[in-house]
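To be precise, the following lines are my_file02.cif, and they hold mmCIF, N, CA and C atoms.
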data_start
loop_
_atom_site.label_atom_id
_atom_site.label_comp_id
_atom_site.auth_asym_id
_atom_site.auth_seq_id
_atom_site.Cartn_x
_atom_site.Cartn_y
_atom_site.Cartn_z
N LEU A 94 18.20 -11.69 -8.90
CA LEU A 94 17.66 -11.43 -7.58
C LEU A 94 17.18 -9.98 -7.46
N GLY A 95 17.90 -9.06 -8.11
CA GLY A 95 17.51 -7.65 -8.05
C GLY A 95 16.15 -7.41 -8.68
N GLY A 96 15.88 -8.10 -9.78
CA GLY A 96 14.59 -7.95 -10.45
C GLY A 96 13.44 -8.48 -9.61
N VAL A 97 13.67 -9.58 -8.91
CA VAL A 97 12.64 -10.15 -8.05
C VAL A 97 12.35 -9.21 -6.88
N ILE A 98 13.40 -8.65 -6.30
CA ILE A 98 13.22 -7.71 -5.19
C ILE A 98 12.48 -6.46 -5.67
N ALA A 99 12.84 -5.95 -6.86
CA ALA A 99 12.16 -4.77 -7.40
C ALA A 99 10.69 -5.07 -7.67
N LEU A 100 10.39 -6.25 -8.16
CA LEU A 100 9.00 -6.64 -8.41
C LEU A 100 8.20 -6.70 -7.12
N ILE A 101 8.77 -7.30 -6.09
CA ILE A 101 8.09 -7.39 -4.80
C ILE A 101 7.90 -6.00 -4.19
N MET A 102 8.93 -5.16 -4.28
CA MET A 102 8.83 -3.80 -3.71
C MET A 102 7.83 -2.94 -4.47
N SER A 103 7.72 -3.14 -5.79
CA SER A 103 6.77 -2.33 -6.56
C SER A 103 5.33 -2.61 -6.16
N ILE A 104 5.06 -3.81 -5.70
CA ILE A 104 3.71 -4.14 -5.23
C ILE A 104 3.57 -3.83 -3.74
N ALA A 105 4.61 -4.09 -2.97
CA ALA A 105 4.55 -3.84 -1.52
C ALA A 105 4.39 -2.35 -1.22
N ILE A 106 4.96 -1.49 -2.05
CA ILE A 106 4.86 -0.06 -1.79
C ILE A 106 3.42 0.43 -1.90
N LEU A 107 2.61 -0.24 -2.72
CA LEU A 107 1.20 0.13 -2.84
C LEU A 107 0.42 -0.23 -1.58
N PHE A 108 0.86 -1.24 -0.85
CA PHE A 108 0.21 -1.62 0.41
C PHE A 108 0.73 -0.79 1.58
N ILE A 109 1.95 -0.32 1.49
CA ILE A 109 2.56 0.45 2.58
C ILE A 109 2.09 1.91 2.58
N LEU A 110 1.82 2.47 1.43
CA LEU A 110 1.46 3.88 1.33
C LEU A 110 0.25 4.28 2.18
N PRO A 111 -0.85 3.54 2.18
CA PRO A 111 -1.98 3.97 3.02
C PRO A 111 -1.65 3.98 4.51
N ILE A 112 -0.72 3.15 4.92
CA ILE A 112 -0.35 3.10 6.34
C ILE A 112 0.43 4.34 6.74
N ILE A 113 1.28 4.84 5.86
CA ILE A 113 2.12 5.99 6.20
C ILE A 113 1.54 7.31 5.70
N HIS A 114 0.28 7.32 5.31
CA HIS A 114 -0.40 8.52 4.82
C HIS A 114 -0.57 9.51 5.98
N VAL A 115 0.11 10.68 5.89
CA VAL A 115 0.10 11.62 7.01
C VAL A 115 -0.29 13.05 6.62
N ASN A 116 -0.75 13.29 5.40
CA ASN A 116 -1.06 14.67 5.03
C ASN A 116 -2.40 15.12 5.61
N ASN A 117 -2.60 16.43 5.66
CA ASN A 117 -3.78 17.01 6.30
C ASN A 117 -5.04 16.82 5.46
N SER A 118 -4.98 17.05 4.16
CA SER A 118 -6.16 16.87 3.33
C SER A 118 -6.16 15.50 2.69
N GLN A 119 -7.30 15.15 2.12
CA GLN A 119 -7.48 13.79 1.64
C GLN A 119 -7.36 13.63 0.13
N GLY A 120 -7.37 14.71 -0.63
CA GLY A 120 -7.37 14.57 -2.08
C GLY A 120 -6.26 15.37 -2.75
N LEU A 121 -5.99 15.02 -3.99
CA LEU A 121 -4.96 15.72 -4.74
C LEU A 121 -5.44 17.07 -5.28
N GLN A 122 -6.73 17.37 -5.17
CA GLN A 122 -7.23 18.64 -5.69
C GLN A 122 -6.63 19.84 -4.95
N PHE A 123 -6.07 19.63 -3.78
CA PHE A 123 -5.45 20.70 -3.01
C PHE A 123 -3.94 20.80 -3.24
N TYR A 124 -3.40 19.92 -4.05
CA TYR A 124 -1.96 19.88 -4.30
C TYR A 124 -1.70 19.93 -5.81
N PRO A 125 -1.51 21.12 -6.37
CA PRO A 125 -1.35 21.22 -7.83
C PRO A 125 -0.09 20.52 -8.35
N LEU A 126 1.01 20.57 -7.60
CA LEU A 126 2.22 19.88 -8.07
C LEU A 126 2.04 18.37 -8.07
N ASN A 127 1.27 17.88 -7.11
CA ASN A 127 1.04 16.44 -7.05
C ASN A 127 0.09 15.97 -8.14
N GLN A 128 -0.76 16.86 -8.62
CA GLN A 128 -1.60 16.52 -9.76
C GLN A 128 -0.74 16.28 -10.99
N ILE A 129 0.25 17.12 -11.18
CA ILE A 129 1.18 16.95 -12.30
C ILE A 129 1.97 15.65 -12.12
N LEU A 130 2.44 15.40 -10.90
CA LEU A 130 3.17 14.16 -10.63
C LEU A 130 2.30 12.92 -10.84
N PHE A 131 1.01 13.03 -10.56
CA PHE A 131 0.12 11.89 -10.78
C PHE A 131 0.08 11.52 -12.26
N TRP A 132 -0.07 12.51 -13.13
CA TRP A 132 -0.11 12.21 -14.57
C TRP A 132 1.25 11.75 -15.07
N TYR A 133 2.31 12.25 -14.46
CA TYR A 133 3.66 11.77 -14.74
C TYR A 133 3.75 10.28 -14.41
N MET A 134 3.16 9.88 -13.30
CA MET A 134 3.18 8.48 -12.89
C MET A 134 2.35 7.62 -13.83
N VAL A 135 1.21 8.12 -14.29
CA VAL A 135 0.38 7.38 -15.24
C VAL A 135 1.17 7.10 -16.51
N ILE A 136 1.89 8.10 -17.00
CA ILE A 136 2.71 7.94 -18.20
C ILE A 136 3.81 6.91 -17.96
N ILE A 137 4.44 6.95 -16.80
CA ILE A 137 5.49 5.98 -16.48
C ILE A 137 4.93 4.56 -16.46
N ILE A 138 3.76 4.37 -15.87
CA ILE A 138 3.17 3.03 -15.82
C ILE A 138 2.83 2.53 -17.22
N ILE A 139 2.30 3.41 -18.06
CA ILE A 139 2.00 3.02 -19.45
C ILE A 139 3.29 2.65 -20.18
N LEU A 140 4.34 3.44 -20.00
CA LEU A 140 5.60 3.14 -20.66
C LEU A 140 6.25 1.86 -20.12
N LEU A 141 6.14 1.63 -18.82
CA LEU A 141 6.67 0.39 -18.26
C LEU A 141 5.91 -0.83 -18.79
N THR A 142 4.61 -0.68 -18.98
CA THR A 142 3.83 -1.76 -19.56
C THR A 142 4.27 -2.04 -20.99
N TRP A 143 4.49 -0.98 -21.74
CA TRP A 143 4.94 -1.12 -23.12
C TRP A 143 6.34 -1.74 -23.18
N ILE A 144 7.23 -1.27 -22.32
CA ILE A 144 8.61 -1.79 -22.28
C ILE A 144 8.62 -3.26 -21.89
N GLY A 145 7.70 -3.67 -21.03
CA GLY A 145 7.63 -5.07 -20.62
C GLY A 145 7.26 -6.02 -21.76
N ALA A 146 6.62 -5.48 -22.79
CA ALA A 146 6.23 -6.30 -23.93
C ALA A 146 7.31 -6.34 -25.02
N ARG A 147 8.35 -5.53 -24.86
CA ARG A 147 9.43 -5.48 -25.86
C ARG A 147 10.44 -6.59 -25.59
N PRO A 148 11.19 -6.97 -26.62
CA PRO A 148 12.24 -7.98 -26.41
C PRO A 148 13.38 -7.42 -25.57
N VAL A 149 14.12 -8.32 -24.93
CA VAL A 149 15.23 -7.90 -24.09
C VAL A 149 16.42 -7.59 -25.00
N GLU A 150 16.48 -6.35 -25.42
CA GLU A 150 17.55 -5.87 -26.31
C GLU A 150 18.08 -4.56 -25.76
N ASP A 151 19.11 -4.08 -26.42
CA ASP A 151 19.88 -2.95 -25.91
C ASP A 151 19.07 -1.69 -25.58
N PRO A 152 18.33 -1.08 -26.48
CA PRO A 152 17.69 0.18 -26.05
C PRO A 152 16.57 -0.03 -25.04
N TYR A 153 15.93 -1.18 -25.08
CA TYR A 153 14.80 -1.42 -24.18
C TYR A 153 15.25 -1.70 -22.75
N ILE A 154 16.42 -2.29 -22.59
CA ILE A 154 16.93 -2.58 -21.24
C ILE A 154 17.18 -1.28 -20.49
N LEU A 155 17.90 -0.37 -21.11
CA LEU A 155 18.20 0.92 -20.46
C LEU A 155 16.94 1.73 -20.21
N THR A 156 16.03 1.72 -21.17
CA THR A 156 14.77 2.45 -20.99
C THR A 156 13.98 1.88 -19.82
N GLY A 157 13.93 0.57 -19.70
CA GLY A 157 13.23 -0.06 -18.58
C GLY A 157 13.86 0.27 -17.25
N GLN A 158 15.18 0.32 -17.20
CA GLN A 158 15.87 0.64 -15.95
C GLN A 158 15.60 2.09 -15.53
N ILE A 159 15.64 2.99 -16.49
CA ILE A 159 15.37 4.41 -16.19
C ILE A 159 13.93 4.59 -15.72
N LEU A 160 12.99 3.95 -16.42
CA LEU A 160 11.59 4.07 -16.02
C LEU A 160 11.33 3.45 -14.65
N THR A 161 12.04 2.38 -14.32
CA THR A 161 11.89 1.77 -13.00
C THR A 161 12.39 2.71 -11.91
N ILE A 162 13.50 3.36 -12.15
CA ILE A 162 14.01 4.34 -11.17
C ILE A 162 13.02 5.48 -11.00
N LEU A 163 12.45 5.97 -12.11
CA LEU A 163 11.46 7.05 -12.02
C LEU A 163 10.20 6.60 -11.30
N TYR A 164 9.82 5.33 -11.47
CA TYR A 164 8.65 4.78 -10.78
C TYR A 164 8.84 4.85 -9.27
N PHE A 165 10.00 4.41 -8.78
CA PHE A 165 10.24 4.43 -7.34
C PHE A 165 10.50 5.85 -6.83
N MET A 166 11.05 6.73 -7.66
CA MET A 166 11.28 8.12 -7.25
C MET A 166 9.96 8.84 -6.99
N TYR A 167 8.93 8.46 -7.72
CA TYR A 167 7.62 9.08 -7.51
C TYR A 167 7.17 8.89 -6.06
N TYR A 168 7.36 7.69 -5.54
CA TYR A 168 6.92 7.40 -4.18
C TYR A 168 7.80 8.07 -3.13
N LEU A 169 8.98 8.52 -3.50
CA LEU A 169 9.82 9.29 -2.59
C LEU A 169 9.53 10.78 -2.68
N ILE A 170 9.26 11.26 -3.88
CA ILE A 170 9.06 12.69 -4.10
C ILE A 170 7.65 13.13 -3.70
N ASN A 171 6.65 12.32 -3.96
CA ASN A 171 5.26 12.70 -3.70
C ASN A 171 5.00 13.09 -2.25
N PRO A 172 5.39 12.30 -1.24
CA PRO A 172 5.15 12.72 0.15
C PRO A 172 5.93 13.98 0.54
N LEU A 173 7.12 14.15 -0.04
CA LEU A 173 7.90 15.34 0.27
C LEU A 173 7.21 16.60 -0.24
N ILE A 174 6.64 16.53 -1.42
CA ILE A 174 5.95 17.69 -1.97
C ILE A 174 4.66 17.96 -1.19
N ILE A 175 3.97 16.91 -0.77
CA ILE A 175 2.77 17.11 0.05
C ILE A 175 3.13 17.79 1.36
N LYS A 176 4.19 17.34 2.00
CA LYS A 176 4.63 17.95 3.27
C LYS A 176 5.06 19.40 3.05
N MET A 177 5.79 19.65 1.95
CA MET A 177 6.20 21.02 1.65
C MET A 177 4.98 21.92 1.42
N TRP A 178 4.00 21.41 0.69
CA TRP A 178 2.81 22.19 0.39
C TRP A 178 1.99 22.44 1.64
N ASP A 179 1.89 21.45 2.54
CA ASP A 179 1.18 21.65 3.81
C ASP A 179 1.87 22.70 4.66
N ASN A 180 3.20 22.68 4.69
CA ASN A 180 3.94 23.70 5.45
C ASN A 180 3.77 25.08 4.84
N LEU A 181 3.68 25.15 3.55
CA LEU A 181 3.50 26.43 2.87
C LEU A 181 2.13 27.01 3.15
N LEU A 182 1.10 26.15 3.21
CA LEU A 182 -0.26 26.64 3.45
C LEU A 182 -0.53 26.95 4.92
N ASN A 183 0.19 26.31 5.83
CA ASN A 183 -0.05 26.56 7.26
C ASN A 183 0.83 27.61 7.79
#
Mind turning the file's structure into structure tokens?
Amino acid sequence: LGGVIALIMSIAILFILPIIHVNNSQGLQFYPLNQILFWYMVIIIILLTWIGARPVEDPYILTGQILTILYFMYYLINPLIIKMWDNLLN
């Protein structure tokens, strides 16, 4: 059940983000830390894709769980850094 909920949330979060978008500027070119986080996220997605093709064995299970936590942490950390950066610039 946990895997099904995580799968649904991983897709639902992509639909929820545009609704809760509250930063002042529209692009990542004004947020250098978020540019780094974006490429961090790209790497995580590539690794999650690779891990999904591996057999369900000991090192791959733990790696997949860690990458899943990092995937969801991105969506928690990214808005906080944007808000921090907006407060710093204003």
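You will find atom N of A:Pro172 at 21.7 Å from atom C of A:Gly157.
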As a ChimeraX atom specification, list the residues of chain A assigned to helix (DSSP H, G or I) by DSSP on the backbone atoms of this structure.
/A:95-109,121-123,125-145,151-182
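Residues matching the PyMOL selection byres (((chain A and resi 94-99 and name CA) around 12) and name CA) in this structure come to A:Leu100, A:Ile101, A:Met102, A:Ser103, A:Ile104, A:Ala105, A:Ile106, A:Gly157, A:Gln158, A:Thr161, A:Ile162, A:Tyr164, A:Phe165.
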Atom-to-atom span, atom CA of A:Met177 and atom CA of A:Pro125, Å
12.1 Å
Using all atoms listed in the file, the residue out of A:Val149, A:Ile112, A:Leu163, A:Leu173 with shortest distance to A:Ile137 is A:Leu163
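Candidate residues A:Leu155, A:Ile136, A:Leu107, A:Leu130 were compared for distance to A:Asn171, and the nearest is A:Leu130, using only N, CA and C atoms.
Counting all atoms listed in the file and comparing A:Ile138, A:Gly120, A:Ile113, A:Leu126, the residue that lies closest to A:Ile174 is A:Leu126.
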Please work out which residues fall within 12 Å of (-3.2, 27.7, 2.8), coordinates as given in the file, with only C-alpha atoms counting, and return them as JSON, numbers by chain.
{"A": [117, 118, 123, 124, 177, 178, 179, 180, 181, 182, 183]}
I'd like to know which of A:Ile154, A:Leu160, A:Leu121, A:Leu110 is closest to A:Leu140, using all atoms listed in the file.
A:Leu160
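Interatomic distance, atom C of A:Ile144 against atom CA of A:Leu169: 23.1 Å.
Among A:Asp151, A:Gln128, A:Ile109, A:Met134, the residue with the shortest atom-to-atom distance to A:Tyr167, counting only C-alpha atoms, is A:Met134.
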In terms of only C-alpha atoms, the residue from A:Ile175, A:Ile159, A:Ile170, A:Pro148 at minimal distance from A:Gln122 is A:Ile175
